[in-house]
>>> print(open('query-v6.tsv').read())   # TSV, C-alpha atoms
chain	number	residue	atom	x	y	z
N	1	MET	CA	7.07	35.39	29.09
N	2	ARG	CA	4.06	36.07	31.34
N	3	ARG	CA	3.93	39.66	30.11
N	4	VAL	CA	4.11	38.50	26.49
N	5	ALA	CA	1.19	36.15	27.17
N	6	PHE	CA	-0.67	39.03	28.83
N	7	ALA	CA	-0.04	41.33	25.87
N	8	ILE	CA	-1.35	38.69	23.47
N	9	ALA	CA	-4.40	38.07	25.68
N	10	MET	CA	-5.12	41.83	25.78
N	11	ALA	CA	-4.81	42.10	22.01
N	12	LEU	CA	-7.25	39.20	21.52
N	13	THR	CA	-9.71	40.63	24.07
N	14	CYS	CA	-9.78	44.04	22.40
N	15	ALA	CA	-10.27	42.48	18.98
N	16	ALA	CA	-13.33	40.72	20.43
N	17	CYS	CA	-14.69	44.07	21.75
N	18	ALA	CA	-14.42	45.70	18.34
N	19	SER	CA	-15.68	43.07	15.89
N	20	GLY	CA	-19.08	41.39	15.97
N	21	THR	CA	-19.65	38.11	14.13
N	22	LYS	CA	-22.80	37.08	12.31
N	23	VAL	CA	-23.31	33.49	11.16
N	24	VAL	CA	-26.23	32.34	8.99
N	25	LEU	CA	-27.18	28.71	8.33
N	26	LEU	CA	-28.34	27.74	4.81
N	27	ALA	CA	-29.96	24.59	3.41
N	28	ASP	CA	-27.72	22.31	1.35
N	29	ASP	CA	-28.36	22.01	-2.40
N	30	ASP	CA	-30.24	18.74	-1.83
N	31	GLY	CA	-32.53	20.43	0.75
N	32	THR	CA	-30.97	18.84	3.85
N	33	VAL	CA	-29.90	21.17	6.66
N	34	GLY	CA	-26.82	20.65	8.80
N	35	GLN	CA	-25.81	22.45	11.97
N	36	VAL	CA	-23.38	25.07	13.13
N	37	ALA	CA	-22.44	25.29	16.82
N	38	VAL	CA	-21.51	28.78	18.00
N	39	ASN	CA	-18.85	28.47	20.71
N	40	PRO	CA	-18.98	24.63	20.61
N	41	GLY	CA	-19.05	22.99	24.04
N	42	PRO	CA	-21.41	22.87	27.01
N	43	GLN	CA	-22.51	26.52	26.49
N	44	GLU	CA	-22.90	26.27	22.70
N	45	THR	CA	-25.64	27.97	20.68
N	46	ARG	CA	-26.79	25.66	17.90
N	47	LEU	CA	-28.18	26.79	14.55
N	48	THR	CA	-30.41	24.10	13.01
N	49	GLN	CA	-32.89	25.87	10.66
N	50	PRO	CA	-32.29	27.45	7.24
N	51	LEU	CA	-31.76	31.25	7.52
N	52	GLN	CA	-31.40	30.98	11.30
N	53	SER	CA	-28.61	33.32	12.42
N	54	ALA	CA	-26.52	34.13	15.45
N	55	THR	CA	-24.97	37.51	16.16
N	56	VAL	CA	-22.06	37.29	18.56
N	57	GLY	CA	-20.52	40.28	20.30
N	58	ALA	CA	-18.99	41.13	23.66
N	59	SER	CA	-22.31	40.41	25.43
N	60	GLY	CA	-22.73	36.88	23.99
N	61	ALA	CA	-24.80	35.33	21.18
N	62	SER	CA	-28.32	36.30	20.14
N	63	VAL	CA	-30.28	34.08	17.73
N	64	GLY	CA	-32.53	35.46	15.00
N	65	THR	CA	-33.79	34.75	11.49
N	66	GLU	CA	-32.48	36.40	8.32
N	67	THR	CA	-34.54	37.30	5.27
N	68	GLU	CA	-33.30	36.07	1.88
N	69	ALA	CA	-32.97	39.74	0.84
N	70	ALA	CA	-30.65	40.47	3.78
N	71	VAL	CA	-28.53	37.42	2.97
N	72	LYS	CA	-28.22	38.53	-0.68
N	73	ARG	CA	-27.30	42.07	0.44
N	74	ASP	CA	-24.64	41.00	2.95
N	75	PHE	CA	-23.13	38.02	1.14
N	76	ALA	CA	-23.76	38.56	-2.61
N	77	ALA	CA	-20.06	38.60	-3.61
N	78	ALA	CA	-19.08	35.56	-1.53
N	79	LEU	CA	-22.10	33.55	-2.75
N	80	ALA	CA	-21.36	34.46	-6.39
N	81	ALA	CA	-17.73	33.31	-5.98
N	82	MET	CA	-18.64	29.84	-4.68
N	83	PRO	CA	-17.01	27.12	-6.80
N	84	THR	CA	-19.22	24.84	-8.87
N	85	PRO	CA	-20.01	21.79	-6.68
N	86	PRO	CA	-18.06	18.62	-7.52
N	87	MET	CA	-19.83	16.12	-9.82
N	88	THR	CA	-19.41	12.38	-9.28
N	89	PHE	CA	-19.62	9.43	-11.69
N	90	THR	CA	-19.74	5.85	-10.39
N	91	LEU	CA	-18.08	3.28	-12.62
N	92	ASN	CA	-18.12	-0.53	-12.37
N	93	PHE	CA	-15.74	-3.23	-13.58
N	94	GLU	CA	-15.99	-6.38	-15.66
N	95	PHE	CA	-16.33	-9.43	-13.38
N	96	GLY	CA	-12.98	-10.27	-11.72
N	97	SER	CA	-11.15	-7.54	-13.68
N	98	GLU	CA	-9.89	-3.97	-13.37
N	99	GLN	CA	-11.31	-3.09	-16.80
N	100	LEU	CA	-14.42	-0.92	-16.79
N	101	ASN	CA	-17.52	-2.76	-17.97
N	102	ALA	CA	-19.37	-1.75	-21.15
N	103	ALA	CA	-22.00	0.36	-19.36
N	104	SER	CA	-19.30	2.32	-17.50
N	105	ARG	CA	-17.14	2.75	-20.62
N	106	ALA	CA	-20.18	4.29	-22.28
N	107	ARG	CA	-20.27	6.96	-19.54
N	108	VAL	CA	-16.67	8.11	-20.03
N	109	PRO	CA	-17.65	10.80	-22.61
N	110	GLU	CA	-19.92	12.39	-19.95
N	111	ILE	CA	-16.86	12.74	-17.69
N	112	PHE	CA	-14.90	14.45	-20.46
N	113	GLU	CA	-17.82	16.81	-21.16
N	114	GLU	CA	-17.92	17.80	-17.48
N	115	ILE	CA	-14.16	18.48	-17.50
N	116	ALA	CA	-14.49	20.59	-20.65
N	117	ARG	CA	-17.37	22.56	-19.08
N	118	ARG	CA	-15.08	23.55	-16.18
N	119	GLY	CA	-12.08	24.43	-18.36
N	120	ASP	CA	-8.52	24.95	-17.10
N	121	ILE	CA	-9.33	24.70	-13.42
N	122	ALA	CA	-10.89	21.20	-13.65
N	123	GLU	CA	-9.44	18.52	-11.39
N	124	VAL	CA	-10.30	14.82	-11.32
N	125	VAL	CA	-10.16	12.53	-8.29
N	126	ILE	CA	-10.49	8.80	-8.99
N	127	ILE	CA	-11.52	6.89	-5.86
N	128	GLY	CA	-11.19	3.10	-5.80
N	129	HIS	CA	-13.53	0.98	-3.64
N	130	THR	CA	-13.63	-2.75	-2.82
N	131	ASP	CA	-16.24	-5.11	-1.41
N	132	THR	CA	-15.91	-6.19	2.24
N	133	VAL	CA	-14.29	-9.61	1.60
N	134	GLY	CA	-10.72	-9.72	3.00
N	135	GLU	CA	-8.66	-7.65	5.41
N	136	LEU	CA	-8.86	-3.86	5.68
N	137	ASP	CA	-5.19	-3.28	4.71
N	138	TYR	CA	-5.44	-5.62	1.72
N	139	ASN	CA	-8.55	-3.82	0.50
N	140	ASP	CA	-6.92	-0.40	0.97
N	141	ARG	CA	-4.14	-1.52	-1.40
N	142	LEU	CA	-6.54	-3.24	-3.81
N	143	SER	CA	-8.73	-0.12	-4.04
N	144	LEU	CA	-5.73	2.07	-4.84
N	145	ARG	CA	-4.73	-0.41	-7.59
N	146	ARG	CA	-8.24	-0.15	-9.00
N	147	ALA	CA	-8.06	3.64	-8.96
N	148	GLU	CA	-4.69	3.42	-10.76
N	149	ALA	CA	-6.18	1.08	-13.37
N	150	VAL	CA	-9.02	3.53	-14.02
N	151	ARG	CA	-6.50	6.39	-14.18
N	152	GLU	CA	-4.65	4.54	-16.96
N	153	GLN	CA	-7.90	3.91	-18.83
N	154	MET	CA	-8.80	7.62	-18.55
N	155	ILE	CA	-5.36	8.70	-19.80
N	156	ALA	CA	-5.69	6.24	-22.70
N	157	ALA	CA	-9.02	7.92	-23.48
N	158	GLY	CA	-7.26	11.32	-23.59
N	159	MET	CA	-7.43	12.74	-20.05
N	160	LYS	CA	-4.47	14.95	-19.06
N	161	PRO	CA	-2.44	13.05	-16.41
N	162	ASP	CA	-1.59	16.15	-14.36
N	163	ILE	CA	-5.23	16.88	-13.45
N	164	ILE	CA	-5.76	13.41	-11.91
N	165	THR	CA	-5.41	12.40	-8.24
N	166	ILE	CA	-6.11	8.84	-7.07
N	167	TRP	CA	-7.47	7.72	-3.70
N	168	GLY	CA	-8.04	4.22	-2.35
N	169	ARG	CA	-10.96	4.02	0.08
N	170	GLY	CA	-10.73	0.22	0.51
N	171	GLU	CA	-13.88	-1.34	1.98
N	172	ARG	CA	-14.61	1.74	4.11
N	173	GLU	CA	-17.54	3.06	2.09
N	174	PRO	CA	-19.67	0.12	0.87
N	175	VAL	CA	-22.88	0.81	-1.03
N	176	GLU	CA	-24.51	-2.39	0.27
N	177	GLY	CA	-24.11	-5.26	2.75
N	178	GLY	CA	-22.18	-5.94	5.97
N	179	ASP	CA	-18.64	-7.28	6.46
N	180	ASN	CA	-17.29	-10.18	4.34
N	181	VAL	CA	-19.93	-9.87	1.63
N	182	ARG	CA	-19.10	-10.41	-2.04
N	183	SER	CA	-20.54	-7.50	-3.98
N	184	GLU	CA	-20.12	-6.36	-7.57
N	185	VAL	CA	-21.85	-3.09	-6.61
N	186	ASN	CA	-19.21	-2.30	-3.99
N	187	ARG	CA	-16.34	-3.11	-6.39
N	188	ARG	CA	-16.33	0.27	-8.08
N	189	ALA	CA	-14.52	3.49	-8.84
N	190	VAL	CA	-15.98	6.93	-8.23
N	191	VAL	CA	-14.72	9.69	-10.48
N	192	VAL	CA	-15.06	13.18	-8.99
N	193	VAL	CA	-14.79	16.15	-11.36
N	194	ARG	CA	-14.28	19.41	-9.48
W	195	MET	CA	-0.44	48.75	25.05
W	196	ARG	CA	2.91	49.63	26.71
W	197	SER	CA	3.81	45.97	27.15
W	198	VAL	CA	2.99	45.33	23.49
W	199	ILE	CA	5.46	48.04	22.45
W	200	ARG	CA	8.11	46.80	24.85
W	201	PHE	CA	7.94	43.31	23.39
W	202	ALA	CA	7.70	44.41	19.77
W	203	PRO	CA	11.35	43.33	19.16
W	204	VAL	CA	10.47	39.83	20.44
W	205	PHE	CA	7.57	39.64	17.97
W	206	ALA	CA	9.79	40.91	15.16
W	207	ILE	CA	12.34	38.17	15.85
W	208	LEU	CA	9.60	35.53	16.03
W	209	LEU	CA	8.15	36.73	12.71
W	210	PHE	CA	11.61	36.64	11.15
W	211	LEU	CA	12.16	33.05	12.37
W	212	VAL	CA	8.75	31.95	11.05
W	213	ALA	CA	9.53	33.58	7.69
W	214	ALA	CA	12.98	31.94	7.58
W	215	ILE	CA	11.64	28.45	8.31
W	216	ALA	CA	8.53	28.58	6.14
W	217	PRO	CA	8.94	27.25	2.59
W	218	THR	CA	8.91	29.74	-0.27
W	219	GLY	CA	8.42	29.51	-4.02
W	220	GLN	CA	5.90	27.61	-6.11
W	221	ALA	CA	3.63	25.05	-4.54
W	222	LEU	CA	4.52	21.42	-5.05
W	223	ALA	CA	1.41	19.52	-6.08
W	224	ALA	CA	1.87	17.17	-3.12
W	225	ASP	CA	1.53	20.07	-0.66
W	226	SER	CA	-1.63	21.39	-2.30
W	227	ILE	CA	-4.68	21.40	-0.03
W	228	GLY	CA	-7.01	23.24	-2.37
W	229	VAL	CA	-7.29	25.03	-5.69
W	230	VAL	CA	-8.59	28.51	-6.45
W	231	LYS	CA	-11.49	28.09	-8.89
W	232	ARG	CA	-12.61	31.70	-9.19
W	233	ALA	CA	-10.79	34.95	-8.49
W	234	GLN	CA	-11.82	38.49	-9.26
W	235	GLY	CA	-10.47	41.89	-8.24
W	236	SER	CA	-7.52	41.93	-5.88
W	237	VAL	CA	-6.82	38.50	-4.33
W	238	GLU	CA	-3.53	37.71	-2.61
W	239	VAL	CA	-2.08	34.80	-0.66
W	240	GLU	CA	0.33	35.45	2.17
W	241	ARG	CA	2.85	32.62	2.52
W	242	GLY	CA	6.04	32.69	4.55
W	243	GLY	CA	5.63	36.42	5.17
W	244	GLN	CA	5.32	37.28	1.46
W	245	ARG	CA	2.21	38.19	-0.46
W	246	GLN	CA	1.58	36.96	-3.99
W	247	PRO	CA	-1.31	37.67	-6.36
W	248	VAL	CA	-3.71	34.79	-7.00
W	249	VAL	CA	-5.52	33.71	-10.15
W	250	ALA	CA	-7.76	30.71	-10.89
W	251	GLY	CA	-5.72	27.51	-10.73
W	252	PHE	CA	-3.51	28.65	-7.82
W	253	ALA	CA	-2.73	25.79	-5.38
W	254	LEU	CA	-3.12	26.61	-1.69
W	255	GLN	CA	-1.04	25.19	1.15
W	256	ALA	CA	-1.73	24.80	4.87
W	257	ALA	CA	-0.89	28.02	6.80
W	258	ASP	CA	-1.68	30.26	3.81
W	259	VAL	CA	-3.58	33.48	4.55
W	260	VAL	CA	-5.94	34.70	1.81
W	261	HIS	CA	-6.63	38.44	1.45
W	262	THR	CA	-9.20	40.10	-0.82
W	263	GLY	CA	-9.34	43.80	-1.68
W	264	PRO	CA	-12.34	46.17	-1.93
W	265	GLN	CA	-13.60	44.57	-5.19
W	266	GLY	CA	-12.06	41.16	-4.54
W	267	ALA	CA	-13.73	37.75	-4.30
W	268	VAL	CA	-12.34	34.23	-4.45
W	269	GLY	CA	-13.73	30.67	-4.56
W	270	ILE	CA	-11.66	27.67	-3.43
W	271	THR	CA	-12.29	23.92	-3.66
W	272	PHE	CA	-10.38	22.01	-0.97
W	273	SER	CA	-9.07	18.44	-1.30
W	274	ASP	CA	-11.84	17.10	0.96
W	275	ASN	CA	-14.48	18.76	-1.31
W	276	SER	CA	-15.07	21.65	1.08
W	277	LEU	CA	-16.10	24.70	-0.96
W	278	ILE	CA	-15.18	28.12	0.39
W	279	ALA	CA	-15.66	31.61	-0.98
W	280	LEU	CA	-14.58	35.00	0.34
W	281	GLY	CA	-16.21	38.35	-0.40
W	282	PRO	CA	-14.43	41.74	-0.57
W	283	ASP	CA	-12.16	43.18	2.15
W	284	THR	CA	-11.66	39.78	3.72
W	285	THR	CA	-8.80	38.10	5.58
W	286	PHE	CA	-9.03	34.31	5.94
W	287	ALA	CA	-6.21	32.25	7.49
W	288	ILE	CA	-5.92	28.47	7.21
W	289	SER	CA	-4.63	27.62	10.69
W	290	GLU	CA	-4.58	23.84	10.24
W	291	TYR	CA	-5.49	21.48	7.39
W	292	ARG	CA	-5.05	17.71	7.46
W	293	PHE	CA	-6.91	15.17	5.33
W	294	ASP	CA	-6.25	11.44	4.94
W	295	SER	CA	-7.73	10.36	1.60
W	296	THR	CA	-8.09	6.69	2.67
W	297	THR	CA	-9.69	7.06	6.12
W	298	GLN	CA	-10.99	10.57	5.36
W	299	ASP	CA	-10.09	11.66	8.88
W	300	GLY	CA	-8.80	15.18	9.13
W	301	ALA	CA	-9.00	18.61	10.65
W	302	PHE	CA	-9.74	21.98	9.09
W	303	ARG	CA	-9.25	25.02	11.32
W	304	SER	CA	-9.41	28.53	9.94
W	305	ARG	CA	-9.73	32.11	11.12
W	306	LEU	CA	-11.86	34.83	9.53
W	307	SER	CA	-10.44	38.12	10.87
W	308	ARG	CA	-12.59	40.40	8.73
W	309	GLY	CA	-15.00	40.31	5.81
W	310	THR	CA	-17.40	37.65	4.55
W	311	LEU	CA	-17.14	33.88	4.15
W	312	SER	CA	-19.36	31.28	2.45
W	313	VAL	CA	-18.84	27.59	3.28
W	314	ALA	CA	-20.20	24.30	1.98
W	315	SER	CA	-18.37	21.78	4.14
W	316	GLY	CA	-16.82	18.60	2.74
W	317	ARG	CA	-15.55	15.24	3.95
W	318	ILE	CA	-13.56	16.50	6.96
W	319	ALA	CA	-16.68	17.88	8.67
W	320	LYS	CA	-18.37	14.48	8.18
W	321	GLY	CA	-15.45	12.68	9.87
W	322	GLY	CA	-16.27	13.65	13.46
W	323	ARG	CA	-17.70	16.30	15.71
W	324	ASP	CA	-16.09	19.73	15.26
W	325	GLN	CA	-13.26	18.51	13.03
W	326	MET	CA	-13.96	21.71	11.08
W	327	LEU	CA	-13.79	24.93	13.07
W	328	VAL	CA	-13.95	28.56	11.97
W	329	GLU	CA	-12.58	31.08	14.43
W	330	THR	CA	-13.54	34.77	14.35
W	331	PRO	CA	-12.48	37.63	16.66
W	332	ALA	CA	-15.71	37.14	18.66
W	333	THR	CA	-16.27	33.37	18.70
W	334	ILE	CA	-15.56	29.88	17.36
W	335	LEU	CA	-17.93	28.03	15.02
W	336	GLY	CA	-18.17	24.22	15.01
W	337	VAL	CA	-19.23	22.96	11.58
W	338	ARG	CA	-21.46	19.87	11.54
W	339	GLY	CA	-21.86	19.22	7.84
W	340	THR	CA	-23.57	22.12	6.18
W	341	ARG	CA	-23.70	25.35	4.23
W	342	PHE	CA	-23.38	28.61	6.12
W	343	LEU	CA	-22.23	32.22	5.88
W	344	VAL	CA	-20.10	34.28	8.26
W	345	LYS	CA	-19.57	38.04	8.46
W	346	VAL	CA	-17.09	39.84	10.69
W	347	ASP	CA	-17.69	43.56	11.14
W	348	ASP	CA	-14.70	45.87	11.58
>>> encode(input="query-v6.tsv", output="structure tokens")
Amino acid sequence: MRRVAFAIAMALTCAACASGTKVVLLADDDGTVGQVAVNPGPQETRLTQPLQSATVGASGASVGTETEAAVKRDFAAALAAMPTPPMTFTLNFEFGSEQLNAASRARVPEIFEEIARRGDIAEVVIIGHTDTVGELDYNDRLSLRRAEAVREQMIAAGMKPDIITIWGRGEREPVEGGDNVRSEVNRRAVVVVR
Amino acid sequence: MRSVIRFAPVFAILLFLVAAIAPTGQALAADSIGVVKRAQGSVEVERGGQRQPVVAGFALQAADVVHTGPQGAVGITFSDNSLIALGPDTTFAISEYRFDSTTQDGAFRSRLSRGTLSVASGRIAKGGRDQMLVETPATILGVRGTRFLVKVDD
């Protein structure tokens, strides 16, 4: 077994000799910039600026800056193949009910337009949310029930059942307030079209 | 190299066992971790030792390996809203994918052996430090909520 391990280690080492890696950080669509850690850990090299790059080879990582032209040249095909980003619609309920309120019902056609725009590959995720009153487990179940109720309302409006997935997020993602706060804003469903 | 050749039969048997255990056939929706949204040129998924051609709408599973040919490109939306695209002549393996839709904890580990990769990370990368990792032959990348590009030279 030791020799097998050695053979695998040798194969990995030689692969590292042959292939260099370049990584380039980009800004998000909303202008915010995240981070990528090269070789994450105590010795990591962190990219934090748009177009900042790291080239990693046998001798370690060197940091530089890419031009937009170089990025387009090297990554044109991958960038062109990126899926359309998901679009989200936040819907609210009638007081004390799992029926969508009038304002949210009026937005349902927008959801159908977005699905039509994406064609056959469109998927829908309906995410139920609760306010922070009550126990975590109870709210997890309640939120899933809300998502199911919205799913039924969407199917009644003509959505194909097999494109829909439901999630219950419970009280884990409130829009406002601390724990044990009644909130009509937090009692909601988020519909993701992707 | 000699020891590699000597143990080639061991690898062959291991590969056979992996192929025998791995599920085959069409993806069940429940196992789907992502959906191919765009595919052009030659795009194939390797699953359980077998390669199959991929078109838009194809459902990916954990442990799939995606291959693109010289004119190939593919765009995939994962269940956590991670968006990934591959350029031509690319090999991208999904080593591990877990995502809990309620807690939104998960892990997304992949390996880019060759070619080009574009990533806009999703919910998994927001869940905790380095829950999304991309391995290449030269290094490992820890994703901390962002868009980035990776290129592995032959």
>>> closest_residue(input="query-v6.tsv", among="N:Val63, N:Ala27, N:Ala189, N:Ile164", to="Ile115 (chain N)", atoms="all atoms listed in the file")
N:Ile164
>>> interface_residues(input="query-v6.tsv", of="chain N", to="chain W", cutoff="8 Å", atoms="all atoms listed in the file", output="ChimeraX atom specification")
/N:3-4,7-8,12,15-28,33-40,56-58,75-79,81-83,85-86,120-121,140,167-170,172,194
>>> write_last_selection(input="query-v6.tsv", atoms="C-alpha atoms", output="PDB file, keeping the file's coordinate frame")
ATOM      1  CA  ARG N   3       3.930  39.660  30.110  1.00  0.00           C
ATOM      2  CA  VAL N   4       4.110  38.500  26.490  1.00  0.00           C
ATOM      3  CA  ALA N   7      -0.040  41.330  25.870  1.00  0.00           C
ATOM      4  CA  ILE N   8      -1.350  38.690  23.470  1.00  0.00           C
ATOM      5  CA  LEU N  12      -7.250  39.200  21.520  1.00  0.00           C
ATOM      6  CA  ALA N  15     -10.270  42.480  18.980  1.00  0.00           C
ATOM      7  CA  ALA N  16     -13.330  40.720  20.430  1.00  0.00           C
ATOM      8  CA  CYS N  17     -14.690  44.070  21.750  1.00  0.00           C
ATOM      9  CA  ALA N  18     -14.420  45.700  18.340  1.00  0.00           C
ATOM     10  CA  SER N  19     -15.680  43.070  15.890  1.00  0.00           C
ATOM     11  CA  GLY N  20     -19.080  41.390  15.970  1.00  0.00           C
ATOM     12  CA  THR N  21     -19.650  38.110  14.130  1.00  0.00           C
ATOM     13  CA  LYS N  22     -22.800  37.080  12.310  1.00  0.00           C
ATOM     14  CA  VAL N  23     -23.310  33.490  11.160  1.00  0.00           C
ATOM     15  CA  VAL N  24     -26.230  32.340   8.990  1.00  0.00           C
ATOM     16  CA  LEU N  25     -27.180  28.710   8.330  1.00  0.00           C
ATOM     17  CA  LEU N  26     -28.340  27.740   4.810  1.00  0.00           C
ATOM     18  CA  ALA N  27     -29.960  24.590   3.410  1.00  0.00           C
ATOM     19  CA  ASP N  28     -27.720  22.310   1.350  1.00  0.00           C
ATOM     20  CA  VAL N  33     -29.900  21.170   6.660  1.00  0.00           C
ATOM     21  CA  GLY N  34     -26.820  20.650   8.800  1.00  0.00           C
ATOM     22  CA  GLN N  35     -25.810  22.450  11.970  1.00  0.00           C
ATOM     23  CA  VAL N  36     -23.380  25.070  13.130  1.00  0.00           C
ATOM     24  CA  ALA N  37     -22.440  25.290  16.820  1.00  0.00           C
ATOM     25  CA  VAL N  38     -21.510  28.780  18.000  1.00  0.00           C
ATOM     26  CA  ASN N  39     -18.850  28.470  20.710  1.00  0.00           C
ATOM     27  CA  PRO N  40     -18.980  24.630  20.610  1.00  0.00           C
ATOM     28  CA  VAL N  56     -22.060  37.290  18.560  1.00  0.00           C
ATOM     29  CA  GLY N  57     -20.520  40.280  20.300  1.00  0.00           C
ATOM     30  CA  ALA N  58     -18.990  41.130  23.660  1.00  0.00           C
ATOM     31  CA  PHE N  75     -23.130  38.020   1.140  1.00  0.00           C
ATOM     32  CA  ALA N  76     -23.760  38.560  -2.610  1.00  0.00           C
ATOM     33  CA  ALA N  77     -20.060  38.600  -3.610  1.00  0.00           C
ATOM     34  CA  ALA N  78     -19.080  35.560  -1.530  1.00  0.00           C
ATOM     35  CA  LEU N  79     -22.100  33.550  -2.750  1.00  0.00           C
ATOM     36  CA  ALA N  81     -17.730  33.310  -5.980  1.00  0.00           C
ATOM     37  CA  MET N  82     -18.640  29.840  -4.680  1.00  0.00           C
ATOM     38  CA  PRO N  83     -17.010  27.120  -6.800  1.00  0.00           C
ATOM     39  CA  PRO N  85     -20.010  21.790  -6.680  1.00  0.00           C
ATOM     40  CA  PRO N  86     -18.060  18.620  -7.520  1.00  0.00           C
ATOM     41  CA  ASP N 120      -8.520  24.950 -17.100  1.00  0.00           C
ATOM     42  CA  ILE N 121      -9.330  24.700 -13.420  1.00  0.00           C
ATOM     43  CA  ASP N 140      -6.920  -0.400   0.970  1.00  0.00           C
ATOM     44  CA  TRP N 167      -7.470   7.720  -3.700  1.00  0.00           C
ATOM     45  CA  GLY N 168      -8.040   4.220  -2.350  1.00  0.00           C
ATOM     46  CA  ARG N 169     -10.960   4.020   0.080  1.00  0.00           C
ATOM     47  CA  GLY N 170     -10.730   0.220   0.510  1.00  0.00           C
ATOM     48  CA  ARG N 172     -14.610   1.740   4.110  1.00  0.00           C
ATOM     49  CA  ARG N 194     -14.280  19.410  -9.480  1.00  0.00           C
TER      50      ARG N 194
END
>>> residues_around(input="query-v6.tsv", residues="Pro264 (chain W)", least_positions_apart="3", cutoff="8 Å", atoms="only C-alpha atoms", output="PDB file with C-alpha atoms, in the frame of the given file")
ATOM      1  CA  GLY W 235     -10.470  41.890  -8.240  1.00  0.00           C
ATOM      2  CA  SER W 236      -7.520  41.930  -5.880  1.00  0.00           C
ATOM      3  CA  PRO W 282     -14.430  41.740  -0.570  1.00  0.00           C
ATOM      4  CA  ASP W 283     -12.160  43.180   2.150  1.00  0.00           C
TER       5      ASP W 283
END
>>> closest_residue(input="query-v6.tsv", among="N:Ala61, N:Ala122, N:Leu100, N:Ala116", to="Asp162 (chain N)", atoms="only C-alpha atoms")
N:Ala122
>>> closest_residue(input="query-v6.tsv", among="N:Glu66, N:Glu173, N:Asp131, N:Glu98", to="Gln153 (chain N)", atoms="only C-alpha atoms")
N:Glu98
